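Student: Have a look at this one before I ask anything.
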Amino acid sequence: MPRADFQVVIGLEVHAQLLTSTKLFSGASTSFGGDPNAHTSIVCLGLPGVLPVLNQRAVELALSAGHALECTIAERSEWSRKHYFYPDLPKGYQITQYEFPICLGGRVVFDGPEGEKTVRLTRIHMEEDAGKLVHQGAVSLVDLNRAGTPLLEIVSEPELRSADDAVEYLKALRDVLVWVGVNDGNLEEGSFRCDANVSVMRHGATTFGTRCELKNLNSFRFIKQAIEIEASRQVELLEGGGKVEQETRLFDPQRGETRSMRSKEDAHDYRYFPDPDLPPLLLSKARIEQARQALPELPRARRRRYVEALGLPPYDAGVLTADRAMSELFERCLAEVGEAKPVSNWFMGELSRLLNETKTSVAEVKFTPTQFAAVLRAVKDGVVSGPGAKELFAELFATGKDPHAIIAEKGLAQVNDDGPLLEAIAQAMAEAPKNVESYRNGNTKIVGAFVGAVMKKLGGKGNPRRINELLVEKLKA
Amino acid sequence: MKGLVALTKALADGATSSVETTKALLQKPDLVGAFLLRDDAGALAAAKASDERRARGAALGPLDGVSVALKDNILTEGVVTTAGSKLLAGFVPPYDATVTTRLKAAGAVLLGKTNLDEFGMGSSTENSAFQQTKNPFDLTRTPGGSSGGSAAAVAAGLCAGALGTDTGGSIRQPAAFTGLVGLKPTYGRVSRAGVVAYASSLDQVGPLARSVEDVALLLEAIEGFDAADSTSSDVAKTAWREGLRSGVKGLRVGLPKELFVDGMDPEIDASVRAAARRLEALGAHVVELSLPHTKYALATYYVIAPCEASSNLGRYDGVRYGHRAKDVKALKDLYEKSRSEGLGPEVKRRIMLGTFALSAGYHDAYYVKAQQVRTLIRRDYEAAFASVDVVLSATSPVLPWRLGEKLDDPLAMYLMDVLTLPCNLAGLPGLSMPCGQSKAGLPIGLQLLGRPFDEATLLRAAHALEADLNLSLEPR
């Protein structure tokens with residue numbers, strides 16, 4: 001099949017739930033789960049006479065997202081009503097931003113197989129989510145817990161050219177949103193959702209083909225599958241002399257197909273008009289600028305800084321910035337220690353291992369950056385040995401106790417004085433005269449065995465470097 | 001009954017008690033069909049509590065113990081609120097409207113809920129799904145609408161004052177028809193929270209009572225910023241009654257020629273012009289002026305109001321509350337049947353008009369164009385208020401018509417609102433007050449419009465004229 005003759009064109013619409021504690025226009029909770037209709041108020045139920053009141057926290061989060069994605073923030077945006085009848089929509093309309101969204105333009109940068117790519121955004125707007133229906137046999141039940149939850153709709157330009165790029169775009173977008181604390185990035189719970197507009201055109205064509213909108217894409221794997229399956233369907237259709245109809249299609253992961261949900265003819269007439277209950281959203285230049293200033297360093301910029309300014313390997317930089325909390329802890333520990341590589345080594349090694357093994361989140365970490373720095377200093381100053389340091393750190397991780405107290409309590413202090421070291425060396429040499437001879441005959445490698453023996457006598461607490469030095473001295477004598 | 005302020009004095013002096021007046025009012029037969037519901041138990045309990053407060057010297061203010069009625073599109077917790085619609089028959093709100101809360105906080109005794117045109121859509125209260133309200137001055141005639149129940153209740157002496165809502169004249173026109181003072185405050189002065197929405201950018205709650213001072217007292221109780229209504233304005237509350245007696249010397253009064261329309265009842269024309277001359281005699285300057293876009297107000301209103309109504313009434317779908325059709329198989333049937341059975345013909349007409357005007361392909365020609373004209377109308381008034389302080393006209397071009405007379409001709413009914421609509425479109429305060437009586441004994445009302453948030457000037461001018469005219473309109 002001459003699939004290779006065709007180019008797939010993808011634009012993505014992401015719905016990201018804003019991490020506010022209350023809904024976009026009411027004081028009801030946004031918690032996930034709970035009994036059906038437990039998280040509702042007279043406003044989300046659409047009772048007569050209720051009026052929407054904008055949640056300013058949602059605006060702050062939208063501003064953070066807009067800045068993080070390098071959008072132009074509108075000083076004036078507007079709320080509109082989008083009308084349709086469905087039981088999950090209590091008022092008969094959804095409050096959304098239509099003609100004048102809060103953010104225009106912007107971009108998402110991600111790493112594709114061929115290097116860094118940039119996909120431009122068309123716009124970002126705010127809107128309220130709908131509730132959901134639970135179908136039970138002959139009846140359908142309405143749960144309005146989600147109704148009114150604040151969402152950002154992030155619309156990309158049709159600039160993606162492969163399913164893989166689409167997934168990388170989404171991962172990068174999700175990383176940024178989670179990093180700035182706007183969204184929890186959870187696809188399974190539906191707090192980060194994606195619809196894909198997919199079309200195909202022949203290579204070299206200048207106009208896009210007719211697009212179909214794909215829905216029900218609730219994992220990265222499904223997104224990739226759905227786009228590929230849909231592109232193949234459209235190519236086959238065109239190759240067979242057919243025409244792609246503009247429509248909304250539902251992805252069925254069980255059957256591995258997309259199927260028509262509603263055609264363009266059945267499309268709703270949403271009868272948008274500005275919501276008379278809500279004044280336009282006016283943002284002063286100062287407020288916009290304040291939000292920009294408050295933005296944390298973003299993961300890509302931080303990764304670049306770790307490599308270029310701190311001299312960390314790109315792999316380390318990637319791991320250390322995969323998670324905001326981890327990265328912030330790294331920053332604080334780095335500030336105490338001063339040198340990046342040892343901090344990075346401990347984070348990538350022991351800390352990651354302990355977090356995994358104990359299923360602890362970074363937020364639950366018990367030690368302070370000062371205590372962390374004390375462990376590294378103890379290693380550097382030879383107060384503890386390498387293995388001793390690991391034991392010390394494990395205890396610090398478990399208890400958050402003062403590292404010096406742990407060293408004393410567990411007897412982790414390394415023996416650095418020559419007296420006890422020489423005593424142990426003399427004993428070890430006396431116990432293995434053959435090896436002494438072997439060394440003196442040129443088998444210098446055997447020093448390792450002596451170090452081990454000496455260390456054993458000292459209960460593992462001898463300073464290995466000094467033992468080595470003294471041993472060589474004595475063996476040569 | 002002498003009026004609301006008189007009652008506050010009688011209560012303060014101990015000449016009567018709240019329980020005594022409340023009981024007397026509740027026992028009075030409602031011969032005009034003003035009330036949809038009289039909350040006897042609730043009102044008496046509130047009256048008793050008020051008397052106890054007063055006995056302790058802890059009265060909440062001048063309104064404490066005063067009996068007031070609410071138009072039935074104003075929500076009352078635990079007390080059925082229907083908006084005059086079968087669709088909301090039996091609906092018990094779980095919360096109070098902000099104005100309800102404020103009246104309760106002022107100690108007012110809420111007597112009950114008054115009849116209205118369904119969802120406020122109408123000019124005669126004949127569009128109520130439940131009953132016909134009659135004009136106390138002539139029981140064969142309309143009390144006006146849509147706040148006809150509130151107007152009839154006050155005029156018939158069934159309560160001291162009442163609240164109505166005004167989207168295109170629904171407080172002022174019934175006030176004119178029943179010889180009362182009615183005030184539509186500036187858009188944003190009174191909270192709309194908990195008021196069943198008809199057209200959100202036009203709706204406003206306001207008082208109807210027997211005198212300017214009565215109205216001022218009620219306005220003091222209900223006005224002011226409300227965080228629950230994003231369109232409510234953060235303007236300072238005012239002691240309205242303090243400035244009432246400053247007179248009209250130097251006041252500039254404009255008579256817009258476009259509001260003295262062809263076909264206006266000659267008795268009304270004469271009465272309003274005579275009132276203007278009285279103002280002049282009291283020291284005001286009366287000038288003619290022009291509001292050139294007035295002729296588009298009716299068409300503009302009947303695009304914008306139905307557009308917003310078609311949206312606001314989308315929530316009445318039979319799913320969560322309100323009328324739900326029986327024996328439906330599919331979701332579409334549930335919607336179609338519940339709404340077809342629950343909504344009356346005028347409401348359906350306006351929903352269809354609005355749905356059409358907002359639909360793809362027509363939206364720009366109707367909705368957008370109407371918004372543009374609305375701006376022109378607002379600018380007309382801005383220009384007028386550069387040279388005058390108030391604009392004076394009749395409230396209604398006609399006298400109260402006979403019940404049933406105009407029911408078959410909705411367009412003729414719409415035309416009756418021509419003088420009151422521009423006020424809502426421009427967001428201005430508007431007041432109607434009696435200025436005379438027809439030969440047949442029907443009340444005639446005049447309308448004063450003012451600058452946004454300048455209710456003070458309206459009330460002052462109205463009070464001066466009221467004192468000068470010294471009418472005593474009593475139903476037969």
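Scheme for the structure tokens: letters A, B, ... for chains in order shown; per-chain residue numbers from 1; ligand numbers from 1 in order shown.
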For stretch 266-282 of chain A, list every protein, DNA or RNA residue within 8 Å, evaluated using only C-alpha atoms, and leave out those in the same chain fewer than 4 positions away; present the list as a list in words.
Tutor: Leu51, Pro52, Val53, Glu75, Arg76, Ser77, Glu78, Trp79, Ser80, Arg81, Lys82, His83, Tyr84, Ile95, Tyr98 and Arg262 of chain A; Ser200, Ser201, Asp229, Ser230, Thr231, Glu308, Thr355, Leu358, Ser359, Ala360 and His363 of chain B
Student: Next, dump the selected residues to file, keeping only C-alpha atoms, as an mmCIF file, in the first residue's frame.
Tutor:
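Output (selection-v6.cif):
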```cif
data_model
loop_
_atom_site.group_PDB
_atom_site.id
_atom_site.type_symbol
_atom_site.label_atom_id
_atom_site.label_comp_id
_atom_site.auth_asym_id
_atom_site.auth_seq_id
_atom_site.Cartn_x
_atom_site.Cartn_y
_atom_site.Cartn_z
ATOM 1 C CA LEU A 51 -25.348 33.069 38.943
ATOM 2 C CA PRO A 52 -21.739 32.223 38.145
ATOM 3 C CA VAL A 53 -18.908 33.851 40.105
ATOM 4 C CA GLU A 75 -5.881 41.884 28.667
ATOM 5 C CA ARG A 76 -9.535 41.402 27.834
ATOM 6 C CA SER A 77 -11.165 38.027 27.328
ATOM 7 C CA GLU A 78 -14.802 37.119 27.320
ATOM 8 C CA TRP A 79 -17.107 34.369 28.581
ATOM 9 C CA SER A 80 -19.590 32.866 26.178
ATOM 10 C CA ARG A 81 -22.406 30.409 26.437
ATOM 11 C CA LYS A 82 -22.250 27.288 24.280
ATOM 12 C CA HIS A 83 -25.675 25.693 24.074
ATOM 13 C CA TYR A 84 -26.780 22.120 23.746
ATOM 14 C CA ILE A 95 -19.638 28.635 29.951
ATOM 15 C CA TYR A 98 -15.128 31.571 22.410
ATOM 16 C CA ARG A 262 -21.502 12.257 14.241
ATOM 17 C CA SER B 200 -29.975 38.647 32.320
ATOM 18 C CA SER B 201 -28.602 41.870 30.852
ATOM 19 C CA ASP B 229 -23.891 38.465 41.343
ATOM 20 C CA SER B 230 -20.921 39.368 39.142
ATOM 21 C CA THR B 231 -22.953 42.106 37.479
ATOM 22 C CA GLU B 308 -31.086 35.637 26.501
ATOM 23 C CA THR B 355 -33.148 30.436 19.315
ATOM 24 C CA LEU B 358 -28.843 33.193 17.782
ATOM 25 C CA SER B 359 -28.596 30.406 15.225
ATOM 26 C CA ALA B 360 -25.746 30.128 12.762
ATOM 27 C CA HIS B 363 -26.631 35.532 14.702
#
```
Student: Near B:Leu36, within 9 Å and counting only C-alpha atoms, which residues show up once chain neighbours fewer than 4 positions away are dropped, as a PDB file with all heavy atoms, in the first residue's frame?
Tutor:
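Result saved to selection_18.pdb:
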```pdb
ATOM      1  N   ASP B  72     -43.343  36.245  42.339  1.00  0.00           N
ATOM      2  CA  ASP B  72     -43.025  34.825  42.477  1.00  0.00           C
ATOM      3  C   ASP B  72     -41.902  34.334  41.558  1.00  0.00           C
ATOM      4  O   ASP B  72     -41.774  33.144  41.306  1.00  0.00           O
ATOM      5  CB  ASP B  72     -44.283  33.978  42.285  1.00  0.00           C
ATOM      6  CG  ASP B  72     -44.119  32.582  42.896  1.00  0.00           C
ATOM      7  OD1 ASP B  72     -43.386  32.472  43.903  1.00  0.00           O
ATOM      8  OD2 ASP B  72     -44.685  31.621  42.352  1.00  0.00           O
ATOM      9  N   THR B  82     -42.651  29.686  41.663  1.00  0.00           N
ATOM     10  CA  THR B  82     -43.017  29.095  40.377  1.00  0.00           C
ATOM     11  C   THR B  82     -42.644  29.924  39.165  1.00  0.00           C
ATOM     12  O   THR B  82     -42.687  29.424  38.046  1.00  0.00           O
ATOM     13  CB  THR B  82     -44.541  28.883  40.304  1.00  0.00           C
ATOM     14  OG1 THR B  82     -45.175  30.181  40.275  1.00  0.00           O
ATOM     15  CG2 THR B  82     -45.052  28.096  41.499  1.00  0.00           C
ATOM     16  N   GLY B  84     -44.528  31.764  37.866  1.00  0.00           N
ATOM     17  CA  GLY B  84     -45.771  31.791  37.090  1.00  0.00           C
ATOM     18  C   GLY B  84     -45.846  30.703  36.026  1.00  0.00           C
ATOM     19  O   GLY B  84     -46.656  30.770  35.120  1.00  0.00           O
ATOM     20  N   GLY B 112     -46.133  36.645  51.172  1.00  0.00           N
ATOM     21  CA  GLY B 112     -46.407  35.622  50.170  1.00  0.00           C
ATOM     22  C   GLY B 112     -45.859  35.992  48.829  1.00  0.00           C
ATOM     23  O   GLY B 112     -45.104  36.959  48.685  1.00  0.00           O
ATOM     24  N   LYS B 113     -46.265  35.207  47.825  1.00  0.00           N
ATOM     25  CA  LYS B 113     -45.713  35.310  46.487  1.00  0.00           C
ATOM     26  C   LYS B 113     -46.803  35.755  45.511  1.00  0.00           C
ATOM     27  O   LYS B 113     -47.907  35.213  45.505  1.00  0.00           O
ATOM     28  CB  LYS B 113     -45.154  33.936  46.059  1.00  0.00           C
ATOM     29  CG  LYS B 113     -44.231  33.295  47.082  1.00  0.00           C
ATOM     30  CD  LYS B 113     -42.988  34.135  47.410  1.00  0.00           C
ATOM     31  CE  LYS B 113     -42.030  34.255  46.259  1.00  0.00           C
ATOM     32  NZ  LYS B 113     -41.280  33.014  46.017  1.00  0.00           N
ATOM     33  N   THR B 114     -46.452  36.732  44.685  1.00  0.00           N
ATOM     34  CA  THR B 114     -47.472  37.335  43.831  1.00  0.00           C
ATOM     35  C   THR B 114     -47.391  36.855  42.383  1.00  0.00           C
ATOM     36  O   THR B 114     -46.335  36.447  41.899  1.00  0.00           O
ATOM     37  CB  THR B 114     -47.352  38.863  43.862  1.00  0.00           C
ATOM     38  OG1 THR B 114     -46.057  39.235  43.375  1.00  0.00           O
ATOM     39  CG2 THR B 114     -47.544  39.409  45.266  1.00  0.00           C
ATOM     40  N   ASN B 115     -48.531  36.959  41.749  1.00  0.00           N
ATOM     41  CA  ASN B 115     -48.691  36.461  40.382  1.00  0.00           C
ATOM     42  C   ASN B 115     -47.883  37.293  39.378  1.00  0.00           C
ATOM     43  O   ASN B 115     -47.581  38.471  39.619  1.00  0.00           O
ATOM     44  CB  ASN B 115     -50.178  36.508  40.005  1.00  0.00           C
ATOM     45  CG  ASN B 115     -50.497  35.602  38.835  1.00  0.00           C
ATOM     46  OD1 ASN B 115     -49.738  34.691  38.497  1.00  0.00           O
ATOM     47  ND2 ASN B 115     -51.648  35.851  38.193  1.00  0.00           N
ATOM     48  N   LEU B 116     -47.570  36.662  38.253  1.00  0.00           N
ATOM     49  CA  LEU B 116     -46.766  37.335  37.222  1.00  0.00           C
ATOM     50  C   LEU B 116     -46.999  36.650  35.885  1.00  0.00           C
ATOM     51  O   LEU B 116     -47.491  35.525  35.827  1.00  0.00           O
ATOM     52  CB  LEU B 116     -45.277  37.258  37.577  1.00  0.00           C
ATOM     53  CG  LEU B 116     -44.607  35.878  37.535  1.00  0.00           C
ATOM     54  CD1 LEU B 116     -43.112  36.033  37.355  1.00  0.00           C
ATOM     55  CD2 LEU B 116     -44.892  35.073  38.786  1.00  0.00           C
ATOM     56  N   PHE B 130     -51.269  30.175  36.134  1.00  0.00           N
ATOM     57  CA  PHE B 130     -52.118  29.794  37.255  1.00  0.00           C
ATOM     58  C   PHE B 130     -53.422  30.567  37.404  1.00  0.00           C
ATOM     59  O   PHE B 130     -54.444  29.991  37.688  1.00  0.00           O
ATOM     60  CB  PHE B 130     -51.321  29.884  38.551  1.00  0.00           C
ATOM     61  CG  PHE B 130     -50.082  29.027  38.530  1.00  0.00           C
ATOM     62  CD1 PHE B 130     -48.825  29.601  38.478  1.00  0.00           C
ATOM     63  CD2 PHE B 130     -50.190  27.642  38.510  1.00  0.00           C
ATOM     64  CE1 PHE B 130     -47.685  28.802  38.445  1.00  0.00           C
ATOM     65  CE2 PHE B 130     -49.057  26.838  38.468  1.00  0.00           C
ATOM     66  CZ  PHE B 130     -47.805  27.425  38.439  1.00  0.00           C
ATOM     67  N   GLN B 131     -53.353  31.869  37.276  1.00  0.00           N
ATOM     68  CA  GLN B 131     -54.579  32.620  37.543  1.00  0.00           C
ATOM     69  C   GLN B 131     -54.521  33.999  36.899  1.00  0.00           C
ATOM     70  O   GLN B 131     -53.470  34.459  36.475  1.00  0.00           O
ATOM     71  CB  GLN B 131     -54.813  32.768  39.059  1.00  0.00           C
ATOM     72  CG  GLN B 131     -53.822  33.677  39.743  1.00  0.00           C
ATOM     73  CD  GLN B 131     -53.848  33.526  41.257  1.00  0.00           C
ATOM     74  OE1 GLN B 131     -54.073  32.435  41.772  1.00  0.00           O
ATOM     75  NE2 GLN B 131     -53.609  34.607  41.971  1.00  0.00           N
ATOM     76  N   GLY B 149     -49.109  41.038  39.846  1.00  0.00           N
ATOM     77  CA  GLY B 149     -49.539  40.535  41.145  1.00  0.00           C
ATOM     78  C   GLY B 149     -49.051  41.437  42.272  1.00  0.00           C
ATOM     79  O   GLY B 149     -49.797  41.779  43.190  1.00  0.00           O
TER      80      GLY B 149
END
```
Student: Could you pull out the alpha helix (DSSP H) residues of stretch 95-313 of chain B from DSSP and send them as a ChimeraX atom specification?
Tutor: /B:98-105,148-155,172-177,212-222,266-281,297-312
Student: Go ahead and write the selection's residues with C-alpha atoms as a tab-separated table (two decimals), in the first residue's frame.
Tutor:
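As a result, part-v2.tsv now contains:
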```tsv
chain	number	residue	atom	x	y	z
B	98	THR	CA	-30.24	37.94	47.96
B	99	VAL	CA	-33.12	40.44	48.07
B	100	THR	CA	-35.14	37.96	50.14
B	101	THR	CA	-32.25	37.57	52.56
B	102	ARG	CA	-31.88	41.33	52.81
B	103	LEU	CA	-35.57	41.90	53.49
B	104	LYS	CA	-35.51	39.21	56.17
B	105	ALA	CA	-32.39	40.79	57.67
B	148	GLY	CA	-49.08	42.64	38.02
B	149	GLY	CA	-49.54	40.53	41.15
B	150	SER	CA	-47.21	42.72	43.21
B	151	ALA	CA	-48.89	45.88	41.90
B	152	ALA	CA	-52.41	44.60	42.51
B	153	ALA	CA	-51.49	43.38	46.00
B	154	VAL	CA	-50.19	46.81	47.06
B	155	ALA	CA	-52.99	48.75	45.32
B	172	ARG	CA	-43.12	50.66	36.04
B	173	GLN	CA	-46.05	49.76	33.79
B	174	PRO	CA	-48.03	47.87	36.48
B	175	ALA	CA	-47.25	50.68	38.91
B	176	ALA	CA	-48.73	53.14	36.40
B	177	PHE	CA	-51.78	50.92	35.87
B	212	VAL	CA	-41.96	57.75	46.78
B	213	GLU	CA	-40.75	57.55	50.34
B	214	ASP	CA	-42.09	53.98	50.67
B	215	VAL	CA	-40.16	53.02	47.57
B	216	ALA	CA	-37.00	54.73	48.84
B	217	LEU	CA	-37.21	52.79	52.10
B	218	LEU	CA	-37.54	49.46	50.31
B	219	LEU	CA	-34.66	50.34	47.98
B	220	GLU	CA	-32.43	51.00	50.99
B	221	ALA	CA	-33.15	47.50	52.24
B	222	ILE	CA	-32.43	45.58	49.05
B	266	PRO	CA	-54.93	61.85	24.80
B	267	GLU	CA	-55.85	61.73	28.47
B	268	ILE	CA	-52.38	60.36	29.28
B	269	ASP	CA	-50.67	62.91	27.04
B	270	ALA	CA	-52.51	65.75	28.73
B	271	SER	CA	-51.88	64.45	32.23
B	272	VAL	CA	-48.14	63.97	31.69
B	273	ARG	CA	-47.73	67.41	30.11
B	274	ALA	CA	-49.66	68.96	32.98
B	275	ALA	CA	-47.28	67.28	35.42
B	276	ALA	CA	-44.33	68.70	33.48
B	277	ARG	CA	-45.82	72.16	33.87
B	278	ARG	CA	-46.16	71.58	37.61
B	279	LEU	CA	-42.46	70.74	37.79
B	280	GLU	CA	-41.76	73.96	35.95
B	281	ALA	CA	-43.90	75.82	38.43
B	297	ALA	CA	-35.81	50.16	20.90
B	298	LEU	CA	-38.75	47.80	20.53
B	299	ALA	CA	-37.11	45.70	17.82
B	300	THR	CA	-33.80	45.71	19.69
B	301	TYR	CA	-35.47	44.57	22.89
B	302	TYR	CA	-37.39	41.81	21.15
B	303	VAL	CA	-34.16	40.39	19.78
B	304	ILE	CA	-31.95	40.67	22.88
B	305	ALA	CA	-34.51	39.62	25.50
B	306	PRO	CA	-35.64	36.48	23.62
B	307	CYS	CA	-32.00	35.54	22.83
B	308	GLU	CA	-31.09	35.64	26.50
B	309	ALA	CA	-34.36	33.99	27.49
B	310	SER	CA	-33.85	31.10	25.07
B	311	SER	CA	-30.53	30.48	26.82
B	312	ASN	CA	-31.66	31.09	30.40
```
Student: With distances taken over only C-alpha atoms, which of A:Val14, A:Gly419, A:Ala68, A:Gln94 is nearest to chain B?
Tutor: A:Gln94
Student: Tell me which protein, DNA and RNA residues are within 6 Å of stretch 59-66 of chain B, counting only C-alpha atoms, leaving out same-chain ones fewer than 6 positions away, and put them as a list in words.
Tutor: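 Close residues of stretch 59-66 of chain B: Thr8, Ser18, Ala47, Ser50, Arg53, Ala106, Gly107, Ala108 and Val109 of chain B.
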Student: Next, write the just-selected residues to a file, as a tab-separated table (two decimals), in the first residue's frame, keeping N, CA and C atoms as the atom set.
Tutor:
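This went into out.tsv:
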```tsv
chain	number	residue	atom	x	y	z
B	8	THR	N	-44.53	51.88	59.36
B	8	THR	CA	-43.30	51.85	60.17
B	8	THR	C	-43.46	52.76	61.39
B	18	SER	N	-46.84	44.15	64.71
B	18	SER	CA	-46.65	43.44	63.44
B	18	SER	C	-47.64	42.29	63.33
B	47	ALA	N	-43.77	37.89	62.10
B	47	ALA	CA	-44.37	39.05	62.76
B	47	ALA	C	-44.20	38.95	64.27
B	50	SER	N	-40.75	39.69	65.18
B	50	SER	CA	-40.51	41.12	65.07
B	50	SER	C	-41.02	41.86	66.30
B	53	ARG	N	-38.72	41.37	69.16
B	53	ARG	CA	-37.51	42.21	69.05
B	53	ARG	C	-37.83	43.64	69.48
B	106	ALA	N	-33.72	42.82	57.37
B	106	ALA	CA	-34.26	44.12	57.80
B	106	ALA	C	-35.50	43.93	58.67
B	107	GLY	N	-35.91	42.67	58.88
B	107	GLY	CA	-37.04	42.39	59.75
B	107	GLY	C	-38.38	42.36	59.04
B	108	ALA	N	-38.37	42.52	57.70
B	108	ALA	CA	-39.64	42.55	56.97
B	108	ALA	C	-40.38	41.22	57.11
B	109	VAL	N	-41.68	41.30	57.12
B	109	VAL	CA	-42.53	40.10	57.17
B	109	VAL	C	-42.95	39.77	55.75
```
Student: Could you check how far atom CA of A:Arg287 sits from atom CA of A:His15, in Å to one decimal?
Tutor: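 Atom-to-atom, atom CA of A:Arg287 and atom CA of A:His15 are spaced 24.6 Å apart.
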Student: Select, from A:Glu473, A:Glu70, A:Glu247, A:Asp88, the residue with the minimum atom-to-atom distance to chain B, counting only C-alpha atoms.
Tutor: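 Of the candidates, the smallest distance to chain B is held by A:Asp88.
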Student: Quick check for you: according to DSSP on this backbone, which residues of stretch 275-423 of chain B are classed as strand (DSSP E)? Reply as a list in words.
Tutor: His285, Val286, Val287, Glu288, Leu289, Val390, Val391, Leu392, Ser393 and Ala394 of chain B
Student: Those residues you just picked out, can you put them in a file as a CSV table (one decimal), in the first residue's frame with all heavy atoms?
Tutor:
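Below is the file that was written, selection33.csv:
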```csv
chain,number,residue,atom,x,y,z
B,285,HIS,N,-36.5,73.4,35.1
B,285,HIS,CA,-36.5,73.9,33.7
B,285,HIS,C,-36.9,72.7,32.8
B,285,HIS,O,-36.2,71.7,32.8
B,285,HIS,CB,-35.1,74.3,33.3
B,285,HIS,CG,-34.5,75.4,34.1
B,285,HIS,ND1,-35.1,76.6,34.3
B,285,HIS,CD2,-33.4,75.4,35.0
B,285,HIS,CE1,-34.4,77.4,35.1
B,285,HIS,NE2,-33.4,76.6,35.6
B,286,VAL,N,-37.9,72.9,32.0
B,286,VAL,CA,-38.4,71.8,31.2
B,286,VAL,C,-38.0,72.1,29.7
B,286,VAL,O,-38.3,73.2,29.2
B,286,VAL,CB,-39.9,71.6,31.3
B,286,VAL,CG1,-40.4,70.5,30.4
B,286,VAL,CG2,-40.2,71.3,32.8
B,287,VAL,N,-37.3,71.2,29.1
B,287,VAL,CA,-36.9,71.4,27.7
B,287,VAL,C,-37.3,70.2,26.9
B,287,VAL,O,-37.4,69.1,27.4
B,287,VAL,CB,-35.4,71.6,27.5
B,287,VAL,CG1,-35.0,72.9,28.2
B,287,VAL,CG2,-34.6,70.5,28.1
B,288,GLU,N,-37.6,70.4,25.6
B,288,GLU,CA,-37.8,69.3,24.6
B,288,GLU,C,-36.4,68.8,24.2
B,288,GLU,O,-35.4,69.5,24.2
B,288,GLU,CB,-38.5,69.8,23.4
B,288,GLU,CG,-40.0,69.9,23.7
B,288,GLU,CD,-40.9,69.4,22.5
B,288,GLU,OE1,-40.3,69.1,21.4
B,288,GLU,OE2,-42.1,69.2,22.7
B,289,LEU,N,-36.4,67.5,24.0
B,289,LEU,CA,-35.1,67.0,23.4
B,289,LEU,C,-35.4,65.8,22.5
B,289,LEU,O,-36.6,65.4,22.4
B,289,LEU,CB,-34.1,66.6,24.6
B,289,LEU,CG,-34.6,65.6,25.6
B,289,LEU,CD1,-34.5,64.2,25.2
B,289,LEU,CD2,-33.7,65.8,26.9
B,390,VAL,N,-33.2,64.7,34.3
B,390,VAL,CA,-34.1,63.6,34.2
B,390,VAL,C,-34.9,63.7,32.9
B,390,VAL,O,-35.0,64.8,32.3
B,390,VAL,CB,-35.2,63.6,35.3
B,390,VAL,CG1,-34.5,63.3,36.7
B,390,VAL,CG2,-36.0,64.9,35.4
B,391,VAL,N,-35.3,62.6,32.4
B,391,VAL,CA,-36.1,62.5,31.2
B,391,VAL,C,-37.5,62.1,31.6
B,391,VAL,O,-37.7,61.2,32.4
B,391,VAL,CB,-35.5,61.5,30.2
B,391,VAL,CG1,-36.5,61.2,29.1
B,391,VAL,CG2,-34.2,62.0,29.6
B,392,LEU,N,-38.5,62.9,31.1
B,392,LEU,CA,-39.9,62.6,31.6
B,392,LEU,C,-40.7,62.2,30.4
B,392,LEU,O,-40.7,62.8,29.3
B,392,LEU,CB,-40.4,63.9,32.2
B,392,LEU,CG,-41.8,63.9,32.8
B,392,LEU,CD1,-41.9,64.9,33.9
B,392,LEU,CD2,-43.0,64.1,31.9
B,393,SER,N,-41.6,61.2,30.6
B,393,SER,CA,-42.5,60.8,29.6
B,393,SER,C,-43.7,60.1,30.3
B,393,SER,O,-43.7,60.0,31.5
B,393,SER,CB,-41.9,59.8,28.6
B,393,SER,OG,-41.6,58.5,29.3
B,394,ALA,N,-44.6,59.6,29.5
B,394,ALA,CA,-45.6,58.7,30.1
B,394,ALA,C,-45.0,57.4,30.3
B,394,ALA,O,-44.0,57.1,29.7
B,394,ALA,CB,-46.8,58.5,29.1
```
Student: Of the residues A:Val108, A:Val142, A:Ile102, A:Ala62, which is the one nearest to chain B, using only C-alpha atoms?
Tutor: A:Val142
